[in-house]
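Participant: Got a structure for you, query.pdb, holding PDB, C-alpha atoms and all ligand atoms.
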ATOM      1  CA  MET A1444       6.821 -32.743-119.728  1.00  0.00           C
ATOM      2  CA  ARG A1445       9.830 -32.322-117.483  1.00  0.00           C
ATOM      3  CA  ILE A1446       7.702 -32.529-114.339  1.00  0.00           C
ATOM      4  CA  ALA A1447       5.777 -35.580-115.546  1.00  0.00           C
ATOM      5  CA  ASN A1448       9.022 -37.282-116.550  1.00  0.00           C
ATOM      6  CA  ASN A1449      10.684 -36.584-113.219  1.00  0.00           C
ATOM      7  CA  TYR A1450       7.694 -38.011-111.410  1.00  0.00           C
ATOM      8  CA  LYS A1451       7.517 -41.136-113.560  1.00  0.00           C
ATOM      9  CA  LYS A1452      11.235 -41.744-113.268  1.00  0.00           C
ATOM     10  CA  ILE A1453      11.066 -41.608-109.481  1.00  0.00           C
ATOM     11  CA  ILE A1454       8.008 -43.859-109.350  1.00  0.00           C
ATOM     12  CA  SER A1455       9.573 -46.480-111.584  1.00  0.00           C
ATOM     13  CA  SER A1456      12.673 -46.557-109.388  1.00  0.00           C
ATOM     14  CA  LEU A1457      10.683 -47.315-106.216  1.00  0.00           C
ATOM     15  CA  PRO A1458       9.232 -50.525-104.848  1.00  0.00           C
ATOM     16  CA  LYS A1459       5.486 -50.760-105.561  1.00  0.00           C
ATOM     17  CA  ASP A1460       4.468 -50.523-101.908  1.00  0.00           C
ATOM     18  CA  VAL A1461       6.114 -47.141-101.396  1.00  0.00           C
ATOM     19  CA  ARG A1462       3.691 -44.235-101.513  1.00  0.00           C
ATOM     20  CA  VAL A1463       4.902 -40.914-102.897  1.00  0.00           C
ATOM     21  CA  ILE A1464       3.436 -37.682-101.561  1.00  0.00           C
ATOM     22  CA  VAL A1465       4.039 -34.840-103.988  1.00  0.00           C
ATOM     23  CA  ALA A1466       5.137 -31.887-101.840  1.00  0.00           C
ATOM     24  CA  ALA A1467       3.493 -29.019-103.677  1.00  0.00           C
ATOM     25  CA  LYS A1468       4.338 -25.912-101.666  1.00  0.00           C
ATOM     26  CA  THR A1469       5.002 -22.834-103.868  1.00  0.00           C
ATOM     27  CA  ARG A1470       4.023 -24.717-107.038  1.00  0.00           C
ATOM     28  CA  THR A1471       1.460 -23.382-109.495  1.00  0.00           C
ATOM     29  CA  PRO A1472      -1.799 -25.216-110.272  1.00  0.00           C
ATOM     30  CA  GLU A1473      -0.431 -25.902-113.774  1.00  0.00           C
ATOM     31  CA  GLU A1474       2.620 -27.628-112.325  1.00  0.00           C
ATOM     32  CA  ILE A1475       0.518 -29.677-109.912  1.00  0.00           C
ATOM     33  CA  ILE A1476      -1.826 -30.742-112.709  1.00  0.00           C
ATOM     34  CA  GLN A1477       1.162 -32.053-114.645  1.00  0.00           C
ATOM     35  CA  VAL A1478       2.042 -34.491-111.853  1.00  0.00           C
ATOM     36  CA  ILE A1479      -1.568 -35.546-111.404  1.00  0.00           C
ATOM     37  CA  GLU A1480      -1.772 -36.281-115.117  1.00  0.00           C
ATOM     38  CA  ALA A1481       1.414 -38.303-114.751  1.00  0.00           C
ATOM     39  CA  GLY A1482      -0.358 -40.463-112.166  1.00  0.00           C
ATOM     40  CA  ALA A1483       0.195 -38.810-108.778  1.00  0.00           C
ATOM     41  CA  LYS A1484      -2.467 -39.687-106.232  1.00  0.00           C
ATOM     42  CA  ASP A1485      -1.235 -37.818-103.154  1.00  0.00           C
ATOM     43  CA  ILE A1486      -0.565 -34.082-102.856  1.00  0.00           C
ATOM     44  CA  GLY A1487       1.062 -32.569 -99.770  1.00  0.00           C
ATOM     45  CA  HIS A1488       0.869 -28.979 -98.584  1.00  0.00           C
ATOM     46  CA  ASN A1489       2.470 -27.114 -95.690  1.00  0.00           C
ATOM     47  CA  TYR A1490       0.015 -24.280 -95.260  1.00  0.00           C
ATOM     48  CA  VAL A1491      -3.744 -24.574 -94.971  1.00  0.00           C
ATOM     49  CA  GLN A1492      -4.526 -21.447 -96.985  1.00  0.00           C
ATOM     50  CA  GLU A1493      -2.123 -22.353 -99.780  1.00  0.00           C
ATOM     51  CA  ALA A1494      -3.668 -25.811 -99.921  1.00  0.00           C
ATOM     52  CA  ILE A1495      -7.175 -24.373-100.139  1.00  0.00           C
ATOM     53  CA  ASN A1496      -6.128 -22.048-102.966  1.00  0.00           C
ATOM     54  CA  SER A1497      -4.474 -24.870-104.796  1.00  0.00           C
ATOM     55  CA  PHE A1498      -7.455 -27.168-104.191  1.00  0.00           C
ATOM     56  CA  SER A1499      -9.896 -24.685-105.745  1.00  0.00           C
ATOM     57  CA  ALA A1500      -7.587 -23.809-108.629  1.00  0.00           C
ATOM     58  CA  LEU A1501      -7.295 -27.483-109.543  1.00  0.00           C
ATOM     59  CA  GLY A1502     -11.021 -27.889-110.172  1.00  0.00           C
ATOM     60  CA  ASP A1503     -11.919 -31.484-110.968  1.00  0.00           C
ATOM     61  CA  PHE A1504      -8.295 -32.566-110.621  1.00  0.00           C
ATOM     62  CA  SER A1505      -8.506 -31.855-106.908  1.00  0.00           C
ATOM     63  CA  LYS A1506     -10.946 -34.741-106.512  1.00  0.00           C
ATOM     64  CA  GLU A1507      -8.609 -37.245-108.132  1.00  0.00           C
ATOM     65  CA  VAL A1508      -6.036 -37.032-105.363  1.00  0.00           C
ATOM     66  CA  ASN A1509      -5.682 -37.296-101.596  1.00  0.00           C
ATOM     67  CA  TRP A1510      -4.642 -34.131 -99.795  1.00  0.00           C
ATOM     68  CA  HIS A1511      -2.022 -34.394 -97.081  1.00  0.00           C
ATOM     69  CA  MET A1512      -1.178 -31.744 -94.507  1.00  0.00           C
ATOM     70  CA  ILE A1513       2.596 -32.035 -94.068  1.00  0.00           C
ATOM     71  CA  GLY A1514       3.313 -28.696 -92.368  1.00  0.00           C
ATOM     72  CA  HIS A1515       2.768 -27.599 -88.795  1.00  0.00           C
ATOM     73  CA  LEU A1516      -0.975 -27.361 -88.116  1.00  0.00           C
ATOM     74  CA  GLN A1517      -2.060 -24.474 -85.914  1.00  0.00           C
ATOM     75  CA  LYS A1518      -5.112 -25.058 -83.755  1.00  0.00           C
ATOM     76  CA  ASN A1519      -6.984 -22.114 -85.243  1.00  0.00           C
ATOM     77  CA  LYS A1520      -6.589 -23.603 -88.734  1.00  0.00           C
ATOM     78  CA  ILE A1521      -8.022 -27.025 -87.936  1.00  0.00           C
ATOM     79  CA  ASN A1522     -11.567 -26.303 -89.139  1.00  0.00           C
ATOM     80  CA  LYS A1523     -10.324 -25.061 -92.485  1.00  0.00           C
ATOM     81  CA  ALA A1524      -7.838 -27.885 -92.764  1.00  0.00           C
ATOM     82  CA  LEU A1525     -10.565 -30.465 -92.273  1.00  0.00           C
ATOM     83  CA  GLU A1526     -12.459 -29.042 -95.236  1.00  0.00           C
ATOM     84  CA  ILE A1527      -9.876 -30.285 -97.689  1.00  0.00           C
ATOM     85  CA  PHE A1528      -7.298 -32.588 -96.138  1.00  0.00           C
ATOM     86  CA  ASP A1529      -7.760 -36.354 -96.146  1.00  0.00           C
ATOM     87  CA  PHE A1530      -4.624 -36.877 -94.133  1.00  0.00           C
ATOM     88  CA  ILE A1531      -2.892 -34.916 -91.396  1.00  0.00           C
ATOM     89  CA  GLN A1532       0.699 -36.096 -91.099  1.00  0.00           C
ATOM     90  CA  THR A1533       1.718 -33.650 -88.401  1.00  0.00           C
ATOM     91  CA  VAL A1534      -0.194 -34.520 -85.246  1.00  0.00           C
ATOM     92  CA  ASP A1535       2.359 -33.427 -82.674  1.00  0.00           C
ATOM     93  CA  SER A1536       0.569 -33.869 -79.351  1.00  0.00           C
ATOM     94  CA  TYR A1537      -2.422 -35.506 -77.731  1.00  0.00           C
ATOM     95  CA  ASP A1538      -3.944 -32.037 -77.324  1.00  0.00           C
ATOM     96  CA  LYS A1539      -3.709 -31.441 -81.053  1.00  0.00           C
ATOM     97  CA  ALA A1540      -5.372 -34.777 -81.736  1.00  0.00           C
ATOM     98  CA  VAL A1541      -8.183 -33.882 -79.303  1.00  0.00           C
ATOM     99  CA  ALA A1542      -8.664 -30.527 -81.035  1.00  0.00           C
ATOM    100  CA  ILE A1543      -8.869 -32.238 -84.438  1.00  0.00           C
ATOM    101  CA  ASN A1544     -11.191 -34.922 -83.114  1.00  0.00           C
ATOM    102  CA  LYS A1545     -13.554 -32.330 -81.676  1.00  0.00           C
ATOM    103  CA  ARG A1546     -13.893 -30.487 -84.971  1.00  0.00           C
ATOM    104  CA  CYS A1547     -14.161 -33.519 -87.193  1.00  0.00           C
ATOM    105  CA  ASP A1548     -17.533 -35.067 -87.903  1.00  0.00           C
ATOM    106  CA  ASP A1549     -16.230 -37.681 -90.293  1.00  0.00           C
ATOM    107  CA  ASN A1550     -12.984 -39.611 -89.837  1.00  0.00           C
ATOM    108  CA  ILE A1551      -9.543 -38.274 -90.538  1.00  0.00           C
ATOM    109  CA  ASP A1552      -6.382 -40.260 -91.234  1.00  0.00           C
ATOM    110  CA  VAL A1553      -3.436 -39.034 -89.214  1.00  0.00           C
ATOM    111  CA  LEU A1554       0.220 -39.705 -88.580  1.00  0.00           C
ATOM    112  CA  ILE A1555       2.003 -38.773 -85.383  1.00  0.00           C
ATOM    113  CA  GLU A1556       5.039 -36.589 -85.972  1.00  0.00           C
ATOM    114  CA  ILE A1557       8.234 -37.523 -84.186  1.00  0.00           C
ATOM    115  CA  ASN A1558      10.794 -34.794 -83.520  1.00  0.00           C
ATOM    116  CA  SER A1559      13.646 -37.098 -84.404  1.00  0.00           C
ATOM    117  CA  GLY A1560      16.263 -34.348 -84.338  1.00  0.00           C
ATOM    118  CA  ASP A1561      15.214 -33.170 -80.861  1.00  0.00           C
ATOM    119  CA  GLU A1562      15.016 -29.663 -82.225  1.00  0.00           C
ATOM    120  CA  LYS A1563      13.421 -26.808 -80.292  1.00  0.00           C
ATOM    121  CA  SER A1564      12.334 -25.216 -83.567  1.00  0.00           C
ATOM    122  CA  LYS A1565      10.480 -28.316 -84.766  1.00  0.00           C
ATOM    123  CA  SER A1566       7.275 -29.851 -83.551  1.00  0.00           C
ATOM    124  CA  GLY A1567       6.576 -33.487 -82.894  1.00  0.00           C
ATOM    125  CA  LEU A1568       6.784 -35.877 -79.984  1.00  0.00           C
ATOM    126  CA  THR A1569      10.158 -36.159 -78.321  1.00  0.00           C
ATOM    127  CA  LYS A1570      11.920 -39.504 -78.575  1.00  0.00           C
ATOM    128  CA  ASN A1571      10.815 -40.790 -75.211  1.00  0.00           C
ATOM    129  CA  ILE A1572       9.419 -44.227 -75.849  1.00  0.00           C
ATOM    130  CA  GLU A1573       7.269 -44.331 -72.732  1.00  0.00           C
ATOM    131  CA  GLN A1574       5.692 -40.972 -73.559  1.00  0.00           C
ATOM    132  CA  ILE A1575       5.180 -41.998 -77.155  1.00  0.00           C
ATOM    133  CA  PHE A1576       3.392 -45.223 -76.179  1.00  0.00           C
ATOM    134  CA  ASN A1577       1.277 -43.241 -73.791  1.00  0.00           C
ATOM    135  CA  THR A1578       0.322 -40.645 -76.384  1.00  0.00           C
ATOM    136  CA  VAL A1579      -0.453 -43.280 -79.021  1.00  0.00           C
ATOM    137  CA  GLU A1580      -2.717 -45.121 -76.581  1.00  0.00           C
ATOM    138  CA  LYS A1581      -4.667 -41.970 -75.847  1.00  0.00           C
ATOM    139  CA  ILE A1582      -4.885 -40.896 -79.489  1.00  0.00           C
ATOM    140  CA  ILE A1583      -6.335 -44.190 -80.699  1.00  0.00           C
ATOM    141  CA  SER A1584      -9.193 -43.784 -78.240  1.00  0.00           C
ATOM    142  CA  LEU A1585     -10.414 -40.669 -80.088  1.00  0.00           C
ATOM    143  CA  ASN A1586     -13.355 -41.740 -82.205  1.00  0.00           C
ATOM    144  CA  HIS A1587     -12.804 -39.574 -85.313  1.00  0.00           C
ATOM    145  CA  ILE A1588      -9.061 -40.086 -85.474  1.00  0.00           C
ATOM    146  CA  ASN A1589      -7.779 -42.896 -87.636  1.00  0.00           C
ATOM    147  CA  LEU A1590      -4.140 -43.336 -86.668  1.00  0.00           C
ATOM    148  CA  CYS A1591      -2.089 -44.813 -89.523  1.00  0.00           C
ATOM    149  CA  GLY A1592       1.511 -44.484 -88.343  1.00  0.00           C
ATOM    150  CA  LEU A1593       4.389 -42.067 -87.852  1.00  0.00           C
ATOM    151  CA  MET A1594       6.067 -39.220 -89.711  1.00  0.00           C
ATOM    152  CA  THR A1595       9.379 -37.448 -89.235  1.00  0.00           C
ATOM    153  CA  MET A1596      11.363 -34.692 -90.909  1.00  0.00           C
ATOM    154  CA  GLY A1597      14.748 -34.851 -89.252  1.00  0.00           C
ATOM    155  CA  PRO A1598      17.077 -31.876 -88.947  1.00  0.00           C
ATOM    156  CA  VAL A1599      18.363 -29.770 -91.825  1.00  0.00           C
ATOM    157  CA  VAL A1600      21.791 -31.150 -92.733  1.00  0.00           C
ATOM    158  CA  ASP A1601      24.359 -30.505 -95.455  1.00  0.00           C
ATOM    159  CA  ASN A1602      24.809 -34.135 -96.331  1.00  0.00           C
ATOM    160  CA  PRO A1603      21.634 -36.255 -96.471  1.00  0.00           C
ATOM    161  CA  GLU A1604      23.644 -39.218 -95.217  1.00  0.00           C
ATOM    162  CA  SER A1605      23.708 -37.427 -91.845  1.00  0.00           C
ATOM    163  CA  LEU A1606      19.954 -38.030 -91.623  1.00  0.00           C
ATOM    164  CA  ARG A1607      20.381 -41.783 -91.499  1.00  0.00           C
ATOM    165  CA  PRO A1608      20.669 -42.040 -87.679  1.00  0.00           C
ATOM    166  CA  PHE A1609      17.472 -40.013 -87.263  1.00  0.00           C
ATOM    167  CA  PHE A1610      15.619 -42.235 -89.717  1.00  0.00           C
ATOM    168  CA  LYS A1611      16.987 -45.302 -87.934  1.00  0.00           C
ATOM    169  CA  GLU A1612      15.778 -44.060 -84.574  1.00  0.00           C
ATOM    170  CA  THR A1613      12.335 -43.244 -85.918  1.00  0.00           C
ATOM    171  CA  PHE A1614      12.115 -46.683 -87.518  1.00  0.00           C
ATOM    172  CA  ASN A1615      13.028 -48.260 -84.179  1.00  0.00           C
ATOM    173  CA  ILE A1616      10.148 -46.424 -82.518  1.00  0.00           C
ATOM    174  CA  PHE A1617       7.843 -47.494 -85.357  1.00  0.00           C
ATOM    175  CA  LYS A1618       9.019 -51.071 -84.917  1.00  0.00           C
ATOM    176  CA  LEU A1619       8.458 -51.084 -81.164  1.00  0.00           C
ATOM    177  CA  LEU A1620       4.923 -49.805 -81.673  1.00  0.00           C
ATOM    178  CA  SER A1621       4.340 -52.259 -84.543  1.00  0.00           C
ATOM    179  CA  ASP A1622       5.352 -55.170 -82.343  1.00  0.00           C
ATOM    180  CA  ASP A1623       2.890 -54.165 -79.635  1.00  0.00           C
ATOM    181  CA  ASN A1624      -0.206 -56.356 -79.409  1.00  0.00           C
ATOM    182  CA  GLU A1625      -2.615 -53.504 -79.016  1.00  0.00           C
ATOM    183  CA  LEU A1626      -0.929 -50.703 -80.963  1.00  0.00           C
ATOM    184  CA  GLY A1627       0.652 -52.644 -83.812  1.00  0.00           C
ATOM    185  CA  LYS A1628      -2.377 -52.483 -86.064  1.00  0.00           C
ATOM    186  CA  TYR A1629      -2.163 -48.685 -86.150  1.00  0.00           C
ATOM    187  CA  MET A1630       1.376 -48.703 -87.515  1.00  0.00           C
ATOM    188  CA  LYS A1631       0.937 -49.054 -91.273  1.00  0.00           C
ATOM    189  CA  ILE A1632       2.746 -45.988 -92.523  1.00  0.00           C
ATOM    190  CA  LEU A1633       6.189 -44.589 -91.814  1.00  0.00           C
ATOM    191  CA  SER A1634       6.482 -41.262 -93.627  1.00  0.00           C
ATOM    192  CA  MET A1635      10.091 -40.135 -93.937  1.00  0.00           C
ATOM    193  CA  GLY A1636      12.397 -38.950 -96.672  1.00  0.00           C
ATOM    194  CA  MET A1637      12.387 -35.971 -99.033  1.00  0.00           C
ATOM    195  CA  SER A1638      14.074 -35.237-102.375  1.00  0.00           C
ATOM    196  CA  ASP A1639      17.626 -35.431-101.062  1.00  0.00           C
ATOM    197  CA  SER A1640      17.035 -38.164 -98.537  1.00  0.00           C
ATOM    198  CA  TYR A1641      14.306 -40.510 -99.714  1.00  0.00           C
ATOM    199  CA  LYS A1642      16.708 -43.225-100.847  1.00  0.00           C
ATOM    200  CA  ILE A1643      18.329 -43.281 -97.426  1.00  0.00           C
ATOM    201  CA  ALA A1644      14.921 -43.173 -95.726  1.00  0.00           C
ATOM    202  CA  LEU A1645      13.752 -46.172 -97.759  1.00  0.00           C
ATOM    203  CA  GLU A1646      16.848 -48.122 -96.755  1.00  0.00           C
ATOM    204  CA  GLU A1647      15.910 -47.360 -93.154  1.00  0.00           C
ATOM    205  CA  GLY A1648      12.348 -48.655 -93.431  1.00  0.00           C
ATOM    206  CA  SER A1649      10.237 -45.778 -94.722  1.00  0.00           C
ATOM    207  CA  ASN A1650       7.212 -46.656 -96.856  1.00  0.00           C
ATOM    208  CA  MET A1651       6.000 -43.118 -97.607  1.00  0.00           C
ATOM    209  CA  VAL A1652       8.219 -40.391 -99.038  1.00  0.00           C
ATOM    210  CA  ARG A1653       7.411 -36.714 -99.523  1.00  0.00           C
ATOM    211  CA  ILE A1654       9.051 -35.328-102.640  1.00  0.00           C
ATOM    212  CA  GLY A1655       8.982 -31.786-104.029  1.00  0.00           C
ATOM    213  CA  SER A1656      12.068 -30.400-105.713  1.00  0.00           C
ATOM    214  CA  ALA A1657      13.176 -33.674-107.307  1.00  0.00           C
ATOM    215  CA  ILE A1658       9.873 -33.545-109.197  1.00  0.00           C
ATOM    216  CA  PHE A1659       9.324 -29.826-109.794  1.00  0.00           C
ATOM    217  CA  GLY A1660      12.874 -28.493-109.731  1.00  0.00           C
ATOM    218  CA  PRO A1661      14.344 -26.039-107.193  1.00  0.00           C
ATOM    219  CA  ARG A1662      11.817 -24.091-105.143  1.00  0.00           C
ATOM    220  CA  ARG A1663      11.170 -20.516-106.152  1.00  0.00           C
TER     221      ARG A1663
HETATM  222  C1  LIG B1701       8.912 -29.311 -98.582  1.00  0.00           C
HETATM  223  C2  LIG B1701       8.710 -30.546 -97.834  1.00  0.00           C
HETATM  224  C3  LIG B1701       9.037 -31.789 -98.388  1.00  0.00           C
HETATM  225  C4  LIG B1701       9.681 -31.945 -99.743  1.00  0.00           C
HETATM  226  O1  LIG B1701      10.901 -31.289 -99.796  1.00  0.00           O
HETATM  227  P1  LIG B1701      11.828 -31.404-101.111  1.00  0.00           P
HETATM  228  O2  LIG B1701      13.188 -31.221-100.597  1.00  0.00           O
HETATM  229  O3  LIG B1701      11.382 -30.303-102.007  1.00  0.00           O
HETATM  230  O4  LIG B1701      11.588 -32.730-101.689  1.00  0.00           O
HETATM  231  C5  LIG B1701       8.778 -32.920 -97.637  1.00  0.00           C
HETATM  232  N1  LIG B1701       8.229 -32.862 -96.417  1.00  0.00           N
HETATM  233  C6  LIG B1701       7.905 -31.684 -95.849  1.00  0.00           C
HETATM  234  C7  LIG B1701       7.296 -31.685 -94.493  1.00  0.00           C
HETATM  235  C8  LIG B1701       8.135 -30.500 -96.534  1.00  0.00           C
HETATM  236  O5  LIG B1701       7.828 -29.336 -95.949  1.00  0.00           O
END
Please lay out the structure from this file as structure tokens.

Facilitator:
Amino acid sequence: MRIANNYKKIISSLPKDVRVIVAAKTRTPEEIIQVIEAGAKDIGHNYVQEAINSFSALGDFSKEVNWHMIGHLQKNKINKALEIFDFIQTVDSYDKAVAINKRCDDNIDVLIEINSGDEKSKSGLTKNIEQIFNTVEKIISLNHINLCGLMTMGPVVDNPESLRPFFKETFNIFKLLSDDNELGKYMKILSMGMSDSYKIALEEGSNMVRIGSAIFGPRR
């Protein structure tokens, strides 16, 4: 009940056009089923194998939701990832997009990850607008890749308010791409904001938030 209530409370506090990805890492199938029964349509996972385990454990429930890869995708996991994910939010280079495209015989929805914190330890495109335009142009030419927008994490901070500048910068990139005659139509989704930061992210233009602990409680 607690999980379903948390989920419903969050949903009812959000504008209708905001999509909530339930970040399900470390959660049991029983916990995930509770959110699906409460109406969740999008489940996010960080690891391919964990997602596959969770997918099979969910049985028929797994077919009621879209599966989003929100963690770093290694090249050698792409084949497996394509078996279950509907959405890959962490395309972090043209090379990665090519590798996905090559292994995909259907179409896959993707977001391009922006390394908004400029962190060595994180993946994603660096905030160089020329390079980003260039990469987006090349990625949209790949025939199995359906580019839907951008995603960012931002650095780990003590106070979520400190994330605001990173969200702002990512929104500015999103906006520049959106205003482009050719590329604008690929910019539908801006995925940013987690449990601590989604309210700030929404103020800065996000329309997709990825929420785990505010729904399930602290991670084990
Ligand atoms: C875990 C995770 C989330 C959700 O984090 P919470 O703080 O539990 O809401 C969102 N996005 C990504 C990429 C994650 O790995």

Participant: One number please: atom CA of A:Ile1575 to atom CA of A:Phe1617, in Å, one decimal.

Facilitator: 10.2 Å

Participant: Taking all atoms listed in the file and a cut-off of 10 Å, can you tell me which residues surround ligand LIG 1701 (chain B), written as a ChimeraX atom specification?

Facilitator: /A:1464-1469,1487-1490,1512-1515,1532-1533,1594-1597,1634-1641,1652-1662

Participant: Hey, what's within 8 Å of A:Val1491 if we count only C-alpha atoms and toss same-chain stuff fewer than 2 positions away? As number ranges by chain, please?

Facilitator: A: 1488-1489, 1493-1495, 1512, 1516, 1520, 1523-1524

Participant: The PyMOL selection byres (((chain A and resi 1471-1482) around 8) and not hetatm) on the file shown: which residues, as number ranges by chain?

Facilitator: A: 1444, 1446-1448, 1450-1451, 1467, 1469-1470, 1483-1484, 1497, 1500-1501, 1504, 1507-1508, 1659

Participant: Could you list, as a VMD selection string, every residue within 7 Å of A:Thr1569, counting only C-alpha atoms and ignoring same-chain residues fewer than 3 positions away?

Facilitator: chain A and resid 1557 to 1558 1561

Participant: Counting all atoms listed in the file, which of A:Asn1550, A:Asn1571, A:Asn1522, A:Ser1566 gets nearest to A:Glu1612?

Facilitator: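 When distances to A:Glu1612 are compared using all atoms listed in the file, the smallest one comes from A:Asn1571.
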
Participant: Rounded to one decimal, what separation in Å do you get between atom CA of A:Glu1646 and atom CA of A:Ile1572?

Facilitator: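 Spanning atom CA of A:Glu1646 to atom CA of A:Ile1572 is a straight-line distance of 22.5 Å.
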
Participant: Determine the nearest neighbour of A:Asp1622 from the options A:Phe1610, A:Phe1576, A:Asn1589, A:Gly1567, counting only C-alpha atoms.

Facilitator: A:Phe1576

Participant: What lies within 12 Å of A:Arg1546 using all atoms listed in the file, ignoring chain neighbours under 6 positions off, as JSON, numbers by chain?

Facilitator: {"A": [1518, 1519, 1520, 1521, 1522, 1523, 1524, 1525, 1526, 1539, 1540, 1585, 1586, 1587, 1588]}

Participant: Between A:Leu1633, A:Val1534, A:Ile1551, A:Ala1542, which one has atoms that come closest to A:Asn1509, using only C-alpha atoms?

Facilitator: A:Ile1551

Participant: What is the distance, in Å and to one decimal place, between atom CA of A:His1511 and atom CA of A:Ile1632?

Facilitator: 13.3 Å

Participant: Given only C-alpha atoms as the basis, pick out the residue of A:Leu1626, A:Asp1601, A:Arg1663, A:Asn1650 nearest to A:Ser1584.

Facilitator: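 Ranking A:Leu1626, A:Asp1601, A:Arg1663, A:Asn1650 by distance to A:Ser1584, first place goes to A:Leu1626.
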
Participant: List every protein, DNA or RNA residue that has at least one atom no more than 7 Å from (0.4, -47.0, -83.1) in the file's coordinates, counting all atoms listed in the file, and write the result as a VMD selection string.

Facilitator: chain A and resid 1579 1590 1592 1620 to 1621 1626 to 1630

Participant: Identify which of the residues A:Leu1568, A:Ile1527, A:Ile1583, A:Met1651 lies closest to A:Ile1616, counting all atoms listed in the file when measuring atom-to-atom distances.

Facilitator: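 The answer is A:Leu1568, which sits nearest to A:Ile1616.
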
Participant: Put the listed atoms of stretch 1506-1521 of chain A in a box along x, y and z with 8 Å added on every side and give me the centre and edge lengths in Å to one decimal, as lines of an AutoDock Vina configuration file.

Facilitator:
center_x = -3.8
center_y = -29.7
center_z = -95.9
size_x = 30.3
size_y = 31.2
size_z = 40.4

Participant: Which residue is closest to A:Asn1544? Choose from A:Ser1649, A:Ile1531, A:Lys1506, A:Arg1607 and count only C-alpha atoms.

Facilitator: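 Comparing A:Ser1649, A:Ile1531, A:Lys1506, A:Arg1607 against A:Asn1544, the winner is A:Ile1531.
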